[in-house]
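*Asks:* Enclosed is the structure file entry-v9.cif (mmCIF, C-alpha atoms and all ligand atoms).
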data_query
#
loop_
_atom_site.label_atom_id
_atom_site.label_comp_id
_atom_site.auth_asym_id
_atom_site.auth_seq_id
_atom_site.Cartn_x
_atom_site.Cartn_y
_atom_site.Cartn_z
CA MET D 74 -3.95 58.55 -2.91
CA ASN D 75 -6.72 58.36 -5.49
CA GLU D 76 -5.35 55.06 -6.77
CA TYR D 77 -5.52 53.66 -3.24
CA ASP D 78 -9.05 55.08 -2.79
CA SER D 79 -10.18 53.71 -6.16
CA ASN D 80 -8.96 50.23 -5.20
CA ARG D 81 -10.81 50.43 -1.90
CA ILE D 82 -13.97 51.72 -3.61
CA TYR D 83 -13.78 48.69 -5.86
CA ASP D 84 -13.34 46.42 -2.79
CA LEU D 85 -16.50 47.97 -1.29
CA ALA D 86 -18.48 47.55 -4.53
CA SER D 87 -17.29 43.94 -4.91
CA ASN D 88 -18.50 43.30 -1.39
CA ILE D 89 -22.07 43.92 -2.56
CA GLY D 90 -21.69 41.86 -5.72
CA PHE D 91 -20.31 44.22 -8.38
CA ASN D 92 -17.53 43.24 -10.80
CA LYS D 93 -15.34 45.32 -13.09
CA THR D 94 -16.06 45.34 -16.81
CA ASP D 95 -13.88 46.60 -19.65
CA ILE D 96 -16.94 46.97 -21.88
CA LYS D 97 -18.25 50.43 -21.10
CA THR D 98 -21.80 49.92 -22.36
CA GLU D 99 -22.21 46.81 -20.20
CA ALA D 100 -21.73 48.71 -16.95
CA ASP D 101 -24.63 49.23 -14.52
CA CYS D 102 -22.70 51.70 -12.44
CA PHE D 103 -19.90 54.20 -13.02
CA VAL D 104 -17.77 55.70 -10.28
CA LEU D 105 -15.72 58.71 -11.34
CA ASN D 106 -13.09 59.17 -8.64
CA THR D 107 -11.91 62.73 -9.04
CA CYS D 108 -8.98 64.98 -8.12
CA HIS D 109 -9.33 68.70 -7.52
CA ILE D 110 -5.68 69.70 -7.33
CA ARG D 111 -5.54 71.21 -10.83
CA GLU D 112 -7.69 73.73 -12.64
CA LYS D 113 -10.68 72.65 -14.76
CA ALA D 114 -11.11 69.41 -12.77
CA THR D 115 -14.81 70.12 -12.27
CA GLU D 116 -15.46 70.81 -15.95
CA LYS D 117 -13.64 67.61 -16.89
CA VAL D 118 -16.05 65.65 -14.69
CA TYR D 119 -19.11 67.18 -16.39
CA HIS D 120 -17.57 66.43 -19.81
CA GLU D 121 -17.01 62.82 -18.79
CA VAL D 122 -20.62 62.54 -17.60
CA GLY D 123 -21.68 64.04 -20.95
CA ARG D 124 -19.77 61.29 -22.75
CA LEU D 125 -21.53 58.67 -20.60
CA LYS D 126 -24.89 60.17 -21.48
CA LYS D 127 -24.08 59.83 -25.17
CA SER D 128 -22.92 56.23 -24.82
CA PHE D 129 -26.15 55.28 -23.05
CA LYS D 130 -28.47 57.39 -25.21
CA ASN D 131 -30.31 54.31 -26.50
CA SER D 132 -30.04 52.07 -23.49
CA LYS D 133 -30.85 51.91 -19.79
CA LYS D 134 -29.23 54.69 -17.79
CA PRO D 135 -26.43 53.41 -15.53
CA MET D 136 -25.99 54.66 -11.97
CA VAL D 137 -23.46 57.52 -11.96
CA ILE D 138 -21.43 58.25 -8.83
CA ILE D 139 -18.93 61.08 -8.43
CA SER D 140 -16.43 60.50 -5.65
CA GLY D 141 -13.20 62.23 -4.57
CA CYS D 142 -12.24 65.85 -4.06
CA VAL D 143 -14.32 67.41 -6.85
CA ALA D 144 -17.36 65.76 -5.24
CA GLN D 145 -16.31 67.20 -1.88
CA ALA D 146 -15.78 70.71 -3.25
CA GLU D 147 -18.92 70.87 -5.41
CA SER D 148 -21.18 68.79 -3.17
CA GLU D 149 -24.91 68.69 -4.09
CA GLU D 150 -24.39 71.44 -6.66
CA MET D 151 -23.31 68.59 -8.96
CA ILE D 152 -26.68 66.80 -8.77
CA LYS D 153 -28.50 70.09 -9.40
CA ARG D 154 -26.35 71.01 -12.39
CA GLU D 155 -26.27 67.53 -13.95
CA PRO D 156 -29.29 65.38 -13.09
CA TYR D 157 -27.59 62.40 -14.80
CA ILE D 158 -25.43 62.20 -11.65
CA ASP D 159 -27.05 60.07 -8.94
CA ILE D 160 -24.66 60.04 -5.98
CA VAL D 161 -21.98 62.48 -4.86
CA ILE D 162 -19.60 61.13 -2.25
CA GLY D 163 -16.57 62.82 -0.67
CA PRO D 164 -13.14 61.24 -0.05
CA GLN D 165 -13.78 60.90 3.70
CA SER D 166 -17.13 59.16 3.35
CA TYR D 167 -16.65 56.70 0.47
CA HIS D 168 -16.87 53.76 2.90
CA LYS D 169 -20.66 54.30 2.69
CA ILE D 170 -20.70 53.69 -1.05
CA GLY D 171 -22.07 50.14 -0.76
CA ASP D 172 -25.09 51.26 1.28
CA LEU D 173 -25.70 54.21 -1.02
CA ILE D 174 -25.63 52.00 -4.12
CA LEU D 175 -28.08 49.52 -2.56
CA ASN D 176 -30.29 52.36 -1.40
CA TYR D 177 -30.28 53.90 -4.87
CA GLN D 178 -31.18 50.55 -6.45
CA ARG D 179 -34.18 50.22 -4.13
CA LYS D 180 -35.51 53.76 -3.97
CA LYS D 181 -33.84 55.64 -6.84
CA SER D 182 -33.21 58.48 -4.39
CA LYS D 183 -30.26 60.74 -5.14
CA PHE D 184 -27.70 61.30 -2.44
CA ASN D 185 -25.00 63.75 -1.45
CA GLU D 186 -22.61 62.39 1.19
CA THR D 187 -19.74 64.75 1.88
CA ASN D 188 -19.21 64.62 5.64
CA PHE D 189 -15.71 64.27 7.08
CA ASP D 190 -16.15 60.84 8.63
CA VAL D 191 -12.58 59.61 8.43
CA ILE D 192 -12.48 57.51 11.65
CA ASN D 193 -15.50 55.49 10.61
CA LYS D 194 -14.09 55.24 7.09
CA PHE D 195 -11.00 53.32 8.16
CA ASP D 196 -12.96 51.28 10.75
CA THR D 197 -15.26 50.14 7.96
CA LEU D 198 -12.48 49.61 5.42
CA LYS D 199 -10.51 47.31 7.71
CA LYS D 200 -13.43 44.85 7.61
CA ILE D 201 -13.64 44.82 3.80
CA PRO D 202 -11.41 42.24 2.06
CA ILE D 203 -8.60 43.78 0.02
CA LEU D 204 -8.63 42.51 -3.56
CA GLN D 205 -5.49 44.23 -4.90
CA ASN D 206 -2.41 42.03 -5.12
CA LYS D 207 0.26 44.23 -6.56
CA ILE D 208 3.99 43.79 -6.08
CA SER D 209 4.19 47.49 -5.23
CA SER D 210 1.19 48.37 -3.08
CA TYR D 211 -0.07 51.64 -1.67
CA LEU D 212 -1.12 51.91 1.95
CA THR D 213 -2.77 55.09 3.26
CA ILE D 214 -1.58 55.91 6.78
CA GLN D 215 -2.65 59.52 7.10
CA GLU D 216 -5.11 61.88 5.48
CA GLY D 217 -5.82 65.57 5.40
CA CYS D 218 -3.57 68.48 6.16
CA ASP D 219 -3.28 71.27 8.74
CA LYS D 220 -0.57 73.21 6.92
CA PHE D 221 -2.81 75.46 4.80
CA CYS D 222 -0.38 76.42 2.06
CA ASN D 223 -2.06 79.39 0.41
CA PHE D 224 -2.36 77.72 -3.01
CA CYS D 225 -3.65 74.32 -1.92
CA VAL D 226 -7.15 72.92 -1.77
CA VAL D 227 -6.32 69.76 0.21
CA PRO D 228 -7.11 71.10 3.72
CA TYR D 229 -10.59 71.99 2.44
CA THR D 230 -11.34 68.82 0.48
CA ARG D 231 -9.61 66.15 2.60
CA GLY D 232 -10.13 67.95 5.93
CA PRO D 233 -7.87 68.15 8.99
CA GLU D 234 -4.95 65.78 9.60
CA TYR D 235 -5.96 62.31 10.68
CA SER D 236 -3.57 59.45 11.42
CA ARG D 237 -4.81 55.88 11.25
CA PRO D 238 -4.21 53.63 14.29
CA PHE D 239 -0.74 52.06 14.24
CA LYS D 240 -1.93 48.46 14.56
CA GLN D 241 -4.54 48.91 11.84
CA ILE D 242 -1.78 49.96 9.43
CA ILE D 243 0.55 47.10 10.37
CA ASP D 244 -2.32 44.62 9.97
CA GLU D 245 -3.07 46.01 6.50
CA ALA D 246 0.63 45.85 5.59
CA ASN D 247 0.72 42.16 6.60
CA ILE D 248 -2.37 41.46 4.49
CA LEU D 249 -0.75 43.16 1.49
CA VAL D 250 2.49 41.22 1.96
CA ASN D 251 0.60 37.94 2.33
CA LYS D 252 -1.12 38.76 -0.95
CA GLY D 253 2.25 39.17 -2.65
CA ALA D 254 3.34 42.79 -2.10
CA LYS D 255 7.11 43.16 -1.94
CA GLU D 256 7.08 46.93 -1.75
CA ILE D 257 4.80 49.15 0.34
CA ILE D 258 4.41 52.83 -0.37
CA LEU D 259 3.02 54.59 2.70
CA LEU D 260 0.68 57.37 1.65
CA GLY D 261 -0.59 60.59 3.13
CA GLN D 262 -1.24 64.13 1.95
CA ASN D 263 1.27 64.99 4.63
CA VAL D 264 2.65 61.52 5.28
CA ASN D 265 5.46 62.51 7.64
CA ALA D 266 2.98 64.33 9.89
CA TYR D 267 1.76 60.84 10.90
CA ASN D 268 1.17 60.96 14.64
CA PHE D 269 -0.84 58.40 16.58
CA SER D 270 -1.02 57.90 20.34
CA GLU D 271 -2.36 54.93 22.27
CA ASN D 272 -1.83 53.81 25.88
CA ASN D 273 0.64 56.65 26.49
CA LYS D 274 2.72 55.54 23.54
CA LYS D 275 3.39 57.80 20.58
CA TYR D 276 3.79 56.43 17.08
CA LYS D 277 5.31 58.40 14.22
CA LEU D 278 6.21 57.63 10.63
CA SER D 279 9.60 56.39 11.87
CA SER D 280 7.81 53.86 14.17
CA LEU D 281 5.88 52.54 11.19
CA ILE D 282 8.99 52.26 9.01
CA ARG D 283 10.86 50.38 11.75
CA GLU D 284 7.94 47.99 12.27
CA LEU D 285 7.53 47.36 8.54
CA ASN D 286 11.25 46.76 8.29
CA ASN D 287 10.67 43.60 10.38
CA ILE D 288 8.12 42.07 8.00
CA LYS D 289 10.02 39.14 6.56
CA ASN D 290 8.75 38.99 3.01
CA LEU D 291 8.62 42.74 2.49
CA LYS D 292 11.61 44.00 0.53
CA ARG D 293 11.12 47.71 0.04
CA ILE D 294 9.51 50.61 1.91
CA ARG D 295 8.75 54.08 0.56
CA TYR D 296 6.60 56.98 1.70
CA THR D 297 5.04 60.00 0.02
CA THR D 298 4.29 62.95 0.16
CA SER D 299 6.36 64.69 2.81
CA HIS D 300 6.48 68.25 4.08
CA PRO D 301 9.96 69.62 4.90
CA LYS D 302 8.73 70.83 8.31
CA ASP D 303 7.94 67.25 9.34
CA MET D 304 11.29 65.72 8.35
CA SER D 305 12.07 65.01 12.01
CA GLU D 306 15.39 63.63 13.31
CA ASP D 307 13.85 60.23 14.10
CA LEU D 308 12.60 59.97 10.51
CA ILE D 309 15.95 61.01 9.07
CA ASP D 310 17.60 58.40 11.32
CA CYS D 311 15.56 55.67 9.60
CA TYR D 312 17.91 56.09 6.64
CA LYS D 313 20.67 54.81 8.97
CA ASP D 314 19.09 51.69 10.32
CA SER D 315 16.05 50.61 8.26
CA GLU D 316 17.68 48.82 5.38
CA LYS D 317 14.37 48.32 3.56
CA LEU D 318 13.71 52.07 3.40
CA MET D 319 14.65 53.02 -0.15
CA PRO D 320 17.27 55.73 -0.75
CA PHE D 321 14.94 58.03 -2.65
CA LEU D 322 12.91 60.89 -1.20
CA HIS D 323 10.23 63.03 -2.81
CA LEU D 324 10.37 66.28 -0.85
CA PRO D 325 8.34 69.16 -2.34
CA ILE D 326 9.87 72.61 -2.04
CA GLN D 327 7.55 74.45 -4.53
CA SER D 328 9.88 77.45 -4.96
CA GLY D 329 13.52 78.38 -4.50
CA SER D 330 12.63 81.93 -3.44
CA ASP D 331 12.24 82.63 0.28
CA ARG D 332 9.95 85.57 -0.55
CA ILE D 333 7.59 83.30 -2.53
CA LEU D 334 7.77 80.52 0.08
CA LYS D 335 6.59 83.03 2.65
CA LEU D 336 3.74 84.19 0.43
CA MET D 337 2.81 80.56 -0.10
CA ASN D 338 2.70 80.03 3.69
CA ARG D 339 5.02 77.06 3.30
CA LYS D 340 6.44 77.44 6.85
CA HIS D 341 10.02 76.72 5.73
CA ASP D 342 12.67 78.58 3.79
CA THR D 343 15.36 77.35 1.41
CA LYS D 344 18.02 77.19 4.14
CA TYR D 345 15.81 74.90 6.22
CA TYR D 346 15.14 72.71 3.17
CA LEU D 347 18.80 72.45 2.15
CA ASN D 348 19.74 71.59 5.72
CA ILE D 349 17.48 68.51 5.55
CA ILE D 350 19.05 67.42 2.26
CA GLU D 351 22.48 67.83 3.81
CA LYS D 352 21.56 65.79 6.91
CA ILE D 353 20.21 62.95 4.79
CA LYS D 354 23.20 63.02 2.45
CA LYS D 355 25.50 62.78 5.46
CA ILE D 356 23.86 59.46 6.26
CA ASN D 357 23.99 58.21 2.70
CA VAL D 358 25.57 60.32 0.02
CA ASN D 359 23.84 58.27 -2.70
CA ILE D 360 20.27 59.15 -1.68
CA LYS D 361 18.40 60.82 -4.54
CA PHE D 362 15.72 63.49 -4.35
CA SER D 363 12.74 64.67 -6.35
CA SER D 364 10.46 67.63 -5.74
CA ASP D 365 7.42 69.68 -6.81
CA PHE D 366 7.62 73.18 -8.27
CA ILE D 367 4.95 75.81 -8.81
CA ILE D 368 5.94 78.34 -11.45
CA GLY D 369 4.35 81.77 -11.75
CA TYR D 370 3.01 82.03 -8.21
CA PRO D 371 1.35 85.49 -7.97
CA SER D 372 4.02 88.22 -7.97
CA GLU D 373 6.88 85.84 -8.88
CA THR D 374 9.70 87.93 -10.36
CA GLU D 375 12.54 86.86 -12.64
CA LYS D 376 14.81 86.86 -9.58
CA ASP D 377 12.42 84.54 -7.66
CA TYR D 378 12.32 82.26 -10.68
CA GLN D 379 16.11 82.22 -11.02
CA ASN D 380 16.34 81.27 -7.34
CA THR D 381 14.17 78.24 -8.11
CA ILE D 382 16.49 77.27 -10.97
CA GLY D 383 19.36 77.77 -8.51
CA ILE D 384 17.95 75.31 -5.98
CA ILE D 385 17.38 72.70 -8.69
CA LYS D 386 21.04 72.99 -9.64
CA LYS D 387 22.14 72.82 -6.02
CA VAL D 388 20.23 69.63 -5.20
CA GLY D 389 20.24 68.01 -8.65
CA PHE D 390 16.71 66.55 -8.39
CA VAL D 391 16.42 63.40 -10.48
CA ASN D 392 12.70 63.49 -11.20
CA SER D 393 10.23 66.25 -10.35
CA TYR D 394 6.76 67.59 -11.00
CA SER D 395 6.36 71.17 -12.17
CA PHE D 396 3.26 73.20 -13.00
CA ILE D 397 2.14 76.74 -13.63
CA PHE D 398 0.29 78.18 -10.63
CA SER D 399 -3.38 77.25 -10.85
CA PRO D 400 -5.80 79.28 -8.69
CA ARG D 401 -8.01 76.96 -6.67
CA PRO D 402 -11.34 78.46 -5.65
CA GLY D 403 -11.59 79.09 -1.91
CA THR D 404 -7.84 79.24 -1.26
CA PRO D 405 -6.13 82.50 -0.15
CA ALA D 406 -4.02 82.66 -3.33
CA ALA D 407 -7.05 82.37 -5.61
CA ASN D 408 -7.82 86.10 -5.61
CA LYS D 409 -4.30 87.36 -6.26
CA ASP D 410 -3.26 88.91 -9.56
CA ILE D 411 -1.86 86.30 -11.87
CA ASN D 412 1.40 86.79 -13.79
CA LYS D 413 1.29 86.92 -17.59
CA LEU D 414 0.57 83.46 -18.97
CA GLU D 415 3.22 83.84 -21.69
CA THR D 416 5.92 84.57 -19.08
CA ASN D 417 4.77 81.65 -16.94
CA LYS D 418 4.76 79.29 -19.90
CA LEU D 419 8.27 80.30 -20.90
CA ARG D 420 9.54 79.95 -17.34
CA LEU D 421 7.97 76.52 -16.99
CA LYS D 422 9.44 75.37 -20.29
CA ASN D 423 12.94 76.48 -19.33
CA LEU D 424 12.66 75.02 -15.84
CA GLN D 425 11.47 71.70 -17.22
CA LYS D 426 14.45 71.64 -19.58
CA VAL D 427 16.78 71.96 -16.59
CA LEU D 428 14.91 69.23 -14.68
CA GLU D 429 14.84 66.94 -17.71
CA ASN D 430 18.55 67.36 -18.18
CA TYR D 431 19.22 66.19 -14.61
CA GLN D 432 16.86 63.25 -15.15
CA LEU D 433 18.64 62.19 -18.35
CA GLU D 434 22.13 62.66 -16.91
CA ASN D 435 21.09 60.58 -13.90
CA ASN D 436 19.84 57.79 -16.17
CA LYS D 437 22.96 57.84 -18.33
CA LYS D 438 25.09 57.03 -15.27
CA TYR D 439 23.50 53.56 -15.21
CA ILE D 440 24.68 52.56 -18.67
CA SER D 441 26.94 49.48 -18.73
CA LYS D 442 26.35 48.90 -15.02
CA PHE D 443 24.27 46.40 -13.07
CA SER D 444 21.31 47.60 -11.07
CA GLU D 445 19.04 45.85 -8.55
CA VAL D 446 15.50 45.87 -9.94
CA LEU D 447 12.29 44.79 -8.22
CA VAL D 448 10.30 43.04 -10.95
CA GLU D 449 6.72 44.36 -10.95
CA ASN D 450 5.18 42.72 -14.01
CA LYS D 451 5.69 41.02 -17.35
CA LEU D 452 5.06 43.20 -20.38
CA ASP D 453 3.35 42.25 -23.60
CA GLY D 454 5.85 40.74 -26.00
CA GLN D 455 8.66 38.29 -25.64
CA ASN D 456 10.26 37.96 -22.20
CA GLN D 457 10.03 41.66 -21.42
CA TYR D 458 9.58 42.84 -17.87
CA PHE D 459 8.99 46.06 -15.96
CA GLY D 460 10.53 46.93 -12.65
CA ARG D 461 12.14 49.73 -10.66
CA THR D 462 15.55 50.44 -9.20
CA LYS D 463 15.95 51.34 -5.53
CA PHE D 464 15.75 54.97 -6.65
CA MET D 465 12.37 54.48 -8.38
CA GLU D 466 13.75 54.67 -11.93
CA PRO D 467 11.58 52.54 -14.26
CA VAL D 468 13.43 49.69 -15.99
CA ILE D 469 12.28 47.72 -19.02
CA PHE D 470 14.37 44.62 -19.52
CA GLN D 471 14.68 41.24 -21.19
CA SER D 472 14.90 38.07 -19.15
CA ASN D 473 14.48 34.34 -19.73
CA ASP D 474 14.28 33.56 -16.11
CA CYS D 475 12.56 35.92 -13.72
CA GLU D 476 9.28 36.36 -11.90
CA SER D 477 7.28 39.29 -10.58
CA GLY D 478 8.32 40.07 -7.02
CA GLN D 479 11.95 39.02 -7.44
CA ILE D 480 14.83 41.44 -7.06
CA VAL D 481 17.15 40.80 -10.01
CA ASN D 482 20.38 42.26 -11.34
CA VAL D 483 19.80 44.01 -14.63
CA LYS D 484 22.61 45.18 -16.90
CA ILE D 485 21.55 48.58 -18.22
CA ASN D 486 22.42 49.02 -21.89
CA SER D 487 20.60 52.21 -22.83
CA CYS D 488 18.19 54.82 -21.55
CA ASN D 489 16.01 57.72 -22.43
CA ARG D 490 14.84 60.42 -20.04
CA ASN D 491 12.07 58.32 -18.53
CA ASN D 492 13.31 54.74 -18.67
CA LEU D 493 16.31 52.50 -18.35
CA PHE D 494 16.60 49.53 -20.73
CA GLY D 495 18.58 46.40 -20.05
CA VAL D 496 19.00 42.66 -19.81
CA HIS D 497 18.71 40.45 -16.77
CA LYS D 498 21.78 38.26 -16.37
CA ILE D 499 21.50 35.68 -13.65
CA SER D 500 24.16 36.35 -11.03
CA ASN D 501 25.80 33.61 -8.94
CA SER D 502 23.87 34.69 -5.85
CA GLU D 503 20.55 34.52 -7.73
CA ARG D 504 21.54 31.09 -9.09
CA ALA D 505 22.39 29.87 -5.59
CA ALA D 506 19.07 31.22 -4.29
S1 LIG O 601 1.38 70.74 2.99
FE1 LIG O 601 0.83 69.84 1.01
S2 LIG O 601 -1.29 69.10 1.26
FE2 LIG O 601 -0.88 70.51 2.97
S3 LIG O 601 -1.64 72.49 2.28
FE3 LIG O 601 0.56 72.43 1.77
S4 LIG O 601 0.66 71.61 -0.36
FE4 LIG O 601 -1.42 71.20 0.45
#
Written as structure tokens, how would this file's structure read?
Ligand code: SF4
*Replies:*
Amino acid sequence: MNEYDSNRIYDLASNIGFNKTDIKTEADCFVLNTCHIREKATEKVYHEVGRLKKSFKNSKKPMVIISGCVAQAESEEMIKREPYIDIVIGPQSYHKIGDLILNYQRKKSKFNETNFDVINKFDTLKKIPILQNKISSYLTIQEGCDKFCNFCVVPYTRGPEYSRPFKQIIDEANILVNKGAKEIILLGQNVNAYNFSENNKKYKLSSLIRELNNIKNLKRIRYTTSHPKDMSEDLIDCYKDSEKLMPFLHLPIQSGSDRILKLMNRKHDTKYYLNIIEKIKKINVNIKFSSDFIIGYPSETEKDYQNTIGIIKKVGFVNSYSFIFSPRPGTPAANKDINKLETNKLRLKNLQKVLENYQLENNKKYISKFSEVLVENKLDGQNQYFGRTKFMEPVIFQSNDCESGQIVNVKINSCNRNNLFGVHKISNSERAA
């Protein structure tokens, strides 16, 4: 989401005449787009501003803007604590960044803009030309969250659920495809809660997937991040009939213990979660899954932890994110007693070993086989390219004859845990094409 926002912030800044520079000391303006999901995010921002101060010690001070969820959470406190910061702007009001920059240039007045103004944000953004032209492009369809998991800061920093108008999204998808995107990743904090109504018609994530499936030059569709409670039947059915929807689903479970899931206020249990996996596998047994895990949630016992290991073994996730519980100020879980750090560290280490093993075993299955890879870009060095399989696995391969945006057959020769390595051999169908 922050990558999408950063691109759009750049589009807005370009619109008033700014360009990117790789030479730090040449910049007139810095935007630090921040994430508040992990601990110490706020301190990291102040450290980064400290580094800027040092770099500009002997030259004209640049404008310093803090955007994103740390800006939202800390608000004008940031300007008070660090006067080197000029503008603080939240994730639902960054569409005003152009006006704020121009205003600051004229009057040098500091500004804190952290209202939830999400409708106006997307109305403004749709008028600003999109500069990104990536083969795999992000497209935000939904923001905010009404689920209120007890550990999570998102409902407070991104605000309540908001779904963008259906047509606005399809228009943006067409712009991205016309600019060269072959894959679109639909984004939302709770992407499958997408729900938009107009003229007595209801649109859900499944409606978007089906509509995108009809865009001629688009080859792949993905979406992230989903909540198990919103994996509705119509969405699951998309795996039957939307051939561009990729057979890979990131579906966070957080814990394999029903007791912990309840304490987390996740609104689902393990049975509910496994039932979804089963339904999807019935449609296509080859679909792969990844997940998120929080280790050491307050009061987690060895039994709870072993249940989490158990669910990993049951599903066989191919690629997951796992972290030690991090108390986020203002959330209900923030004041609970924390488990011993040493125990949490050991549990995380062992859990990651199990996850890594599944990831490696999954990658090994590709060796000596051909895999369809969407070429994303050429790498430095001779005829080396980067792309991804249908299941999101990264592939680095040699080719004498391929271009970004093509889907090519790559023979996989080796792998490590994170990557597949291979050679592109031109197949008869590619030759004919
Ligand atoms: S559903 Fe996701 S974004 Fe919403 S509160 Fe829970 S973890 Fe946070």
*Asks:* Between D:Leu105, D:Ile333, D:Ile257, D:Leu173, which has the minimum distance to Asn223 in chain D (counting only C-alpha atoms)?
*Replies:*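 When distances to Asn223 in chain D are compared using only C-alpha atoms, the smallest one comes from D:Ile333.
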*Asks:* So which one's closest to Ser472 in chain D, D:His120, D:Lys376, D:Met304, D:Val496? Using all atoms listed in the file, please.
*Replies:*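 Checking each of D:His120, D:Lys376, D:Met304, D:Val496 against Ser472 in chain D, counting all atoms listed in the file, the winner is D:Val496.
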*Asks:* Let me know the centre plus edge lengths, in Å and rounded to one decimal, of a box with edges along x, y and z that contains all listed atoms of range 342-347 of chain D and is padded by 8 Å on every side, as AutoDock Vina command-line options.
*Replies:*
--center_x 15.7 --center_y 75.5 --center_z 3.8 --size_x 22.1 --size_y 22.1 --size_z 20.8
*Asks:* When you count all atoms listed in the file, which of these residues is closest to ligand LIG 601 (chain O): D:Ile110, D:Val227, D:Ala146, D:Ile89?
*Replies:* D:Val227
*Asks:* Report as a list of chain:residue names which protein, DNA and RNA residues come within 8 Å of ligand LIG 601 (chain O), using only C-alpha atoms and all ligand atoms.
*Replies:*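 Here is the list of contacting residues: D:Gly217, D:Cys218, D:Asp219, D:Lys220, D:Phe221, D:Cys222, D:Asn223, D:Phe224, D:Cys225, D:Val226, D:Val227, D:Pro228, D:Gln262, D:Asn263, D:Thr298, D:Ser299, D:His300, D:Arg339.
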*Asks:* Place a sphere of radius 9 Å on (14.5, 46.1, -11.3) in the file coordinates and name every protein, DNA or RNA residue with an atom inside or on its surface, counting all atoms listed in the file; give the answer as a list in words.
*Replies:* Ser444, Glu445, Val446, Leu447, Val448, Glu449, Tyr458, Phe459, Gly460, Arg461, Thr462, Lys463, Glu466, Pro467, Val468, Ile469, Phe470, Gln479, Ile480, Val481, Asn482, Val483 and His497 of chain D
*Asks:* Using only C-alpha atoms, please write the residues we just selected to a file, as a short mmCIF file (atom, residue, chain, number, x, y, z; two decimals), keeping the file's coordinate frame.
*Replies:*
data_model
loop_
_atom_site.label_atom_id
_atom_site.label_comp_id
_atom_site.auth_asym_id
_atom_site.auth_seq_id
_atom_site.Cartn_x
_atom_site.Cartn_y
_atom_site.Cartn_z
CA SER D 444 21.31 47.60 -11.07
CA GLU D 445 19.04 45.85 -8.55
CA VAL D 446 15.50 45.87 -9.94
CA LEU D 447 12.29 44.79 -8.22
CA VAL D 448 10.30 43.04 -10.95
CA GLU D 449 6.72 44.36 -10.95
CA TYR D 458 9.58 42.84 -17.87
CA PHE D 459 8.99 46.06 -15.96
CA GLY D 460 10.53 46.93 -12.65
CA ARG D 461 12.14 49.73 -10.66
CA THR D 462 15.55 50.44 -9.20
CA LYS D 463 15.95 51.34 -5.53
CA GLU D 466 13.75 54.67 -11.93
CA PRO D 467 11.58 52.54 -14.26
CA VAL D 468 13.43 49.69 -15.99
CA ILE D 469 12.28 47.72 -19.02
CA PHE D 470 14.37 44.62 -19.52
CA GLN D 479 11.95 39.02 -7.44
CA ILE D 480 14.83 41.44 -7.06
CA VAL D 481 17.15 40.80 -10.01
CA ASN D 482 20.38 42.26 -11.34
CA VAL D 483 19.80 44.01 -14.63
CA HIS D 497 18.71 40.45 -16.77
#
*Asks:* Taking 6 positions as the minimum chain separation for residues in the same chain, which residues sit within 9 Å of range 132-140 of chain D when counting only C-alpha atoms? Answer as JSON, numbers by chain.
*Replies:* {"D": [98, 100, 101, 102, 103, 104, 105, 106, 107, 118, 122, 125, 126, 151, 157, 158, 159, 160, 161, 162, 163, 164, 167, 174, 177, 178]}
*Asks:* Which polymer residues, whether protein, DNA or RNA, lie within 7 Å of the coordinate (-27.5, 66.7, -7.2) when you count all atoms listed in the file? List them as a PyMOL selection string, using the chain letters and numbers from the file.
*Replies:* chain D and resi 149-156+158-159+183+185
*Asks:* Pick the closest to Tyr296 in chain D from D:Ser210, D:Gln241, D:Thr230, D:Ser128: which is it, counting all atoms listed in the file?
*Replies:*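 For Tyr296 in chain D, the nearest of the candidates is D:Ser210.
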*Asks:* Using only C-alpha atoms, determine which residues lie at most 10 Å from Gln327 in chain D, disregarding the query and same-chain residues fewer than 6 positions distant; provide the list as a list in words.
*Replies:*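 What passes the distance filter is Ile333, Leu334, Met337, Arg339, Ser364, Asp365, Phe366, Ile367, Ile368, Tyr370, Thr381, Tyr394, Ser395 and Phe396 of chain D.
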*Asks:* Fewer than 4 positions away in the same chain doesn't count, so skip those; otherwise give me all residues within 7 Å of Gly171 in chain D, counting all atoms listed in the file, as a list in words.
*Replies:*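 The neighbour list is Leu85, Ala86, Ile89 and Leu175 of chain D.
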*Asks:* Filtering to C-alpha atoms, could you give me those residues as a PDB file, in the coordinates of the input?
*Replies:*
ATOM      1  CA  LEU D  85     -16.500  47.970  -1.290  1.00  0.00           C
ATOM      2  CA  ALA D  86     -18.480  47.550  -4.530  1.00  0.00           C
ATOM      3  CA  ILE D  89     -22.070  43.920  -2.560  1.00  0.00           C
ATOM      4  CA  LEU D 175     -28.080  49.520  -2.560  1.00  0.00           C
TER       5      LEU D 175
END
*Asks:* Considering only C-alpha atoms, return as a list in words whatever protein or nucleic-acid residues lie within 8 Å of Asn247 in chain D, sequence-local ones (same chain, fewer than 4 positions apart) excluded.
*Replies:*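 Neighbouring residues, sequence-local ones excluded: Ile243, Asn251 and Ile288 of chain D.
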*Asks:* Can you pull out the residues contacting Tyr77 in chain D? Cut-off 9 Å, using only C-alpha atoms, and skip same-chain residues under 6 positions away; I want them as number ranges by chain.
*Replies:* D: 210-213, 260
*Asks:* Grab the residues selected above and save them as a CSV table (one decimal), in the frame of the given file with C-alpha atoms.
*Replies:*
chain,number,residue,atom,x,y,z
D,210,SER,CA,1.2,48.4,-3.1
D,211,TYR,CA,-0.1,51.6,-1.7
D,212,LEU,CA,-1.1,51.9,2.0
D,213,THR,CA,-2.8,55.1,3.3
D,260,LEU,CA,0.7,57.4,1.6
*Asks:* Between CA of Glu256 in chain D and CA of Ile485 in chain D, what is the distance in Å, rounded to a tenth?
*Replies:*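 Rounded to one decimal, the two atoms are 22.0 Å apart.
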